[in-house]
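Asker: This one is data_30.cif, mmCIF, C-alpha atoms.
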data_final
#
loop_
_atom_site.label_atom_id
_atom_site.label_comp_id
_atom_site.auth_asym_id
_atom_site.auth_seq_id
_atom_site.Cartn_x
_atom_site.Cartn_y
_atom_site.Cartn_z
CA MET A 14 9.51 1.73 31.45
CA LEU A 15 13.21 1.82 30.68
CA THR A 16 16.29 1.68 32.89
CA LEU A 17 19.73 2.99 31.99
CA ASN A 18 22.48 0.37 31.85
CA GLN A 19 25.62 2.45 32.48
CA GLU A 20 27.99 -0.39 31.62
CA LYS A 21 26.50 -1.09 28.17
CA LYS A 22 25.35 2.52 27.62
CA ARG A 23 21.81 1.63 26.63
CA LEU A 24 18.24 1.90 27.85
CA GLU A 25 16.87 -1.52 28.80
CA PRO A 26 13.19 -2.40 29.07
CA THR A 27 11.66 -3.39 32.40
CA GLU A 28 8.56 -4.73 30.62
CA THR A 29 8.89 -8.33 29.40
CA LEU A 30 5.87 -8.81 27.09
CA CYS A 31 7.20 -9.23 23.54
CA GLN A 32 6.30 -6.17 21.44
CA PHE A 33 6.47 -8.15 18.21
CA CYS A 34 4.05 -11.03 18.80
CA GLU A 35 2.39 -9.56 21.92
CA THR A 36 1.88 -13.03 23.45
CA VAL A 37 5.14 -14.41 24.89
CA HIS A 38 7.45 -12.81 27.48
CA SER A 39 11.15 -12.08 27.03
CA GLU A 40 13.38 -14.23 29.25
CA ASP A 41 16.84 -12.84 28.46
CA MET A 42 17.94 -9.21 28.03
CA GLU A 43 20.09 -10.20 25.02
CA ASP A 44 17.01 -11.51 23.18
CA ASN A 45 15.55 -8.01 23.24
CA CYS A 46 15.83 -5.81 20.17
CA PHE A 47 17.91 -2.65 20.63
CA ILE A 48 17.02 0.17 18.25
CA PRO A 49 19.17 3.32 18.12
CA LEU A 50 17.38 6.60 18.82
CA TYR A 51 18.89 9.95 17.83
CA ARG A 52 18.54 13.48 19.11
CA GLU A 53 20.01 16.47 17.33
CA LYS A 54 22.31 18.60 19.53
CA ASP A 55 23.65 21.19 17.10
CA ARG A 56 23.36 21.98 13.41
CA THR A 57 25.62 24.24 11.35
CA ASN A 58 24.54 25.39 7.88
CA ILE A 59 27.02 27.73 6.24
CA VAL A 60 27.13 28.18 2.47
CA VAL A 61 30.13 25.84 2.00
CA TYR A 62 29.97 23.85 5.23
CA ARG A 63 27.26 21.75 6.84
CA SER A 64 27.51 19.70 10.00
CA VAL A 65 25.25 18.12 12.57
CA LYS A 66 26.00 16.87 16.07
CA TYR A 67 23.66 14.42 17.73
CA SER A 68 23.24 12.02 20.62
CA LYS A 69 22.62 8.34 20.01
CA ILE A 70 21.40 5.72 22.46
CA PRO A 71 20.24 2.13 21.90
CA VAL A 72 16.78 1.56 23.37
CA GLY A 73 15.56 -1.95 24.18
CA ILE A 74 12.28 -3.40 22.99
CA PRO A 75 11.11 -6.60 24.71
CA ARG A 76 11.37 -9.56 22.32
CA CYS A 77 10.91 -13.28 22.92
CA LYS A 78 13.31 -15.97 21.65
CA GLU A 79 10.87 -17.03 18.92
CA CYS A 80 10.57 -13.52 17.46
CA LYS A 81 14.34 -13.03 17.65
CA ALA A 82 14.81 -16.24 15.67
CA ILE A 83 12.20 -15.13 13.11
CA HIS A 84 13.94 -11.75 12.67
CA GLU A 85 17.37 -13.37 12.26
CA GLN A 86 16.11 -16.01 9.81
CA ALA A 87 14.23 -13.41 7.77
CA THR A 88 17.34 -11.22 7.56
CA THR A 89 19.55 -14.12 6.43
CA LYS A 90 17.03 -15.62 4.01
CA GLY A 91 16.15 -12.24 2.49
CA ALA A 92 19.81 -11.32 1.96
CA LEU A 93 20.69 -14.68 0.40
CA ILE A 94 17.79 -14.57 -2.04
CA ALA A 95 18.19 -10.90 -3.01
CA TRP A 96 21.98 -10.95 -3.41
CA GLY A 97 21.82 -14.30 -5.21
CA ALA A 98 19.28 -12.88 -7.65
CA SER A 99 21.40 -9.77 -8.18
CA ILE A 100 24.49 -11.87 -8.99
CA VAL A 101 22.52 -14.00 -11.46
CA PHE A 102 21.12 -10.79 -13.02
CA VAL A 103 24.59 -9.27 -13.46
CA ILE A 104 26.01 -12.48 -14.98
CA ILE A 105 23.13 -12.83 -17.44
CA VAL A 106 23.39 -9.19 -18.57
CA PHE A 107 27.18 -9.51 -18.97
CA MET A 108 26.64 -12.62 -21.13
CA ILE A 109 24.10 -10.79 -23.31
CA SER A 110 25.97 -7.51 -23.77
CA LEU A 111 29.27 -6.34 -22.34
CA PRO A 112 28.44 -2.57 -22.43
CA LEU A 113 25.14 -3.18 -20.62
CA GLY A 114 26.97 -5.39 -18.16
CA TYR A 115 28.65 -2.43 -16.50
CA PHE A 116 25.27 -0.78 -15.93
CA SER A 117 23.98 -4.08 -14.55
CA ILE A 118 26.51 -3.92 -11.69
CA PHE A 119 24.79 -0.81 -10.35
CA ALA A 120 21.36 -2.38 -10.93
CA GLY A 121 22.52 -5.56 -9.19
CA ILE A 122 23.61 -3.61 -6.13
CA MET A 123 20.21 -1.93 -6.00
CA ILE A 124 18.43 -5.28 -6.39
CA GLY A 125 20.49 -6.78 -3.57
CA ALA A 126 20.11 -3.87 -1.17
CA PHE A 127 16.43 -3.07 -1.66
CA GLY A 128 15.44 -6.67 -2.33
CA SER A 129 16.92 -7.96 0.92
CA ARG A 130 15.10 -5.27 2.90
CA GLY A 131 11.80 -5.95 1.15
CA LEU A 132 12.11 -9.72 1.52
CA TYR A 133 12.94 -9.31 5.23
CA ARG A 134 9.71 -7.37 5.72
CA LYS A 135 7.71 -9.96 3.74
CA PHE A 136 9.13 -12.94 5.65
CA VAL A 137 8.46 -11.30 9.02
CA ARG A 138 4.95 -10.26 7.98
CA ASP A 139 4.25 -13.84 6.84
CA LYS A 140 4.93 -14.97 10.44
CA LEU A 141 2.32 -12.45 11.69
CA ILE A 142 4.70 -10.40 13.84
CA TYR A 143 6.04 -6.86 13.61
CA ASN A 144 9.42 -6.15 12.04
CA GLU A 145 11.97 -4.33 14.22
CA ARG A 146 10.99 -0.84 13.07
CA GLU A 147 7.25 -1.50 13.53
CA GLY A 148 7.92 -2.95 16.97
CA ALA A 149 9.77 0.23 17.90
CA GLU A 150 6.93 2.41 16.64
CA HIS A 151 4.37 0.45 18.70
CA ASN A 152 6.44 0.48 21.90
CA PRO A 153 4.98 2.96 24.45
CA ALA A 154 8.40 3.87 25.93
CA ILE A 155 9.86 4.65 22.51
CA ARG A 156 6.75 6.62 21.51
CA GLU A 157 7.28 8.72 24.64
CA LEU A 158 10.90 9.38 23.64
CA LEU A 159 9.82 10.26 20.09
CA LEU A 160 7.40 12.82 21.50
CA ASN A 161 10.29 14.32 23.51
CA GLY A 162 12.46 15.09 20.47
CA TRP A 163 14.18 11.76 19.76
CA THR A 164 13.95 10.18 16.30
CA LEU A 165 14.47 6.78 14.72
CA ASN A 166 16.34 8.36 11.78
CA GLN A 167 19.96 9.43 12.03
CA PRO A 168 20.29 13.20 11.46
CA LEU A 169 22.05 14.17 8.24
CA ALA A 170 24.10 17.30 7.62
#
So, in terms of structure tokens, how does the structure I just supplied come out?
Answerer:
Amino acid sequence: MLTLNQEKKRLEPTETLCQFCETVHSEDMEDNCFIPLYREKDRTNIVVYRSVKYSKIPVGIPRCKECKAIHEQATTKGALIAWGASIVFVIIVFMISLPLGYFSIFAGIMIGAFGSRGLYRKFVRDKLIYNEREGAEHNPAIRELLLNGWTLNQPLA
């Protein structure tokens, strides 16, 4: 079950069992994970103009302090490793060949962006808990909202 918090404009969980490890209970509302859900209101598709209007609301998923710490550490560690590797990659390519170095900047950005996301998932999986997206997909309240037209992906024009 979810309750609407008018002040913070979000849906907060009434359930306290952590959806990520499924063993410990959440003690503080701020430890919970809030995932934005989207619902398309209006879409305009004209030959030269496209637009989409949508509603967005953060929905809480119960999460214990331990899982919150694991998620935060995995995010930080994954980003440091991936972006560090991308910087080293760009420097090495620049040292080898200046013309290839400019291409390596784009490749380095891709390594950093996709690498940090992939490492985050790996580090969380290694701790035997769900990542934030998987936790949302396994949450009964969010599944109910998804069946009623909400989505985890932001609508694009």
Asker: Can you pull out every residue within 12 Å of Glu85 (chain A), counting all atoms listed in the file, but drop anything in the same chain fewer than 3 positions away, and send it as a list of chain:residue names?
Answerer: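 Close residues of Glu85 (chain A): A:Asp44, A:Cys46, A:Lys78, A:Glu79, A:Cys80, A:Lys81, A:Ala82, A:Thr88, A:Thr89, A:Lys90, A:Gly91, A:Ala92, A:Tyr133, A:Arg134, A:Phe136, A:Val137, A:Asn144, A:Glu145.
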Asker: Choose the residue, out of A:Ile118, A:Val60, A:Ile142, A:Ala149, that has the smallest atom-to-atom separation from Ile105 (chain A); count all atoms listed in the file.
Answerer: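 Counting all atoms listed in the file, the residue closest to Ile105 (chain A) is A:Ile118.
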Asker: On this file, the PyMOL selection byres ((chain A and resi 16) around 9) gives some set of residues; write that set as a list in words.
Answerer: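 So the PyMOL selection byres ((chain A and resi 16) around 9) ends up selecting Met14, Leu15, Leu17, Asn18, Arg23, Leu24, Glu25, Pro26 and Thr27 of chain A.
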Asker: Give me the residues within 10 Å of region 51-58 of chain A as a list in words, counting all atoms listed in the file and dropping any in the same chain fewer than 6 places off.
Answerer: Ser64, Val65, Lys66, Tyr67, Ser68, Lys69, Ile70, Pro71, Leu158, Leu159, Asn161, Gly162, Trp163, Thr164, Leu165, Asn166, Gln167, Pro168, Leu169 and Ala170 of chain A
Asker: Rounded to one decimal place, report the CA of Met108 (chain A)-CA of Gly131 (chain A) distance in Å.
Answerer: 27.6 Å
Asker: Could you check the closest approach to Ala95 (chain A) for each of A:Leu132, A:Cys34, A:Ile74, A:Ile83 and tell me which residue wins, using only C-alpha atoms?
Answerer: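 Ranked by minimum distance to Ala95 (chain A), first place goes to A:Leu132.
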Asker: How big is the axis-aligned box, and where does its centre sit, when it encloses all atoms of region 147-160 of chain A listed in the file and has 3 Å added on every side, reported in Å to one decimal as AutoDock Vina command-line options?
Answerer:
--center_x 7.6 --center_y 4.9 --center_z 19.7 --size_x 12.5 --size_y 21.8 --size_z 18.4
Asker: Using CA of Leu30 (chain A) and CA of Arg156 (chain A) as the two end points, give the distance in Å to one decimal.
Answerer: 16.4 Å
Asker: How many Å separate CA of Ala120 (chain A) from CA of Ile100 (chain A)?
Answerer: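 CA of Ala120 (chain A) sits 10.2 Å away from CA of Ile100 (chain A).
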Asker: Determine the nearest neighbour of Ala87 (chain A) from the options A:Lys21, A:Lys135, A:Arg146, A:His151, counting all atoms listed in the file.
Answerer: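 Of A:Lys21, A:Lys135, A:Arg146, A:His151, the one nearest Ala87 (chain A), counting all atoms listed in the file, is A:Lys135.
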Asker: Once the PyMOL selection byres ((chain A and resi 122) around 12) has been applied to the shown file, what residues remain in the selection, as a PyMOL selection string?
Answerer: chain A and resi 92+95-103+115-121+123-129
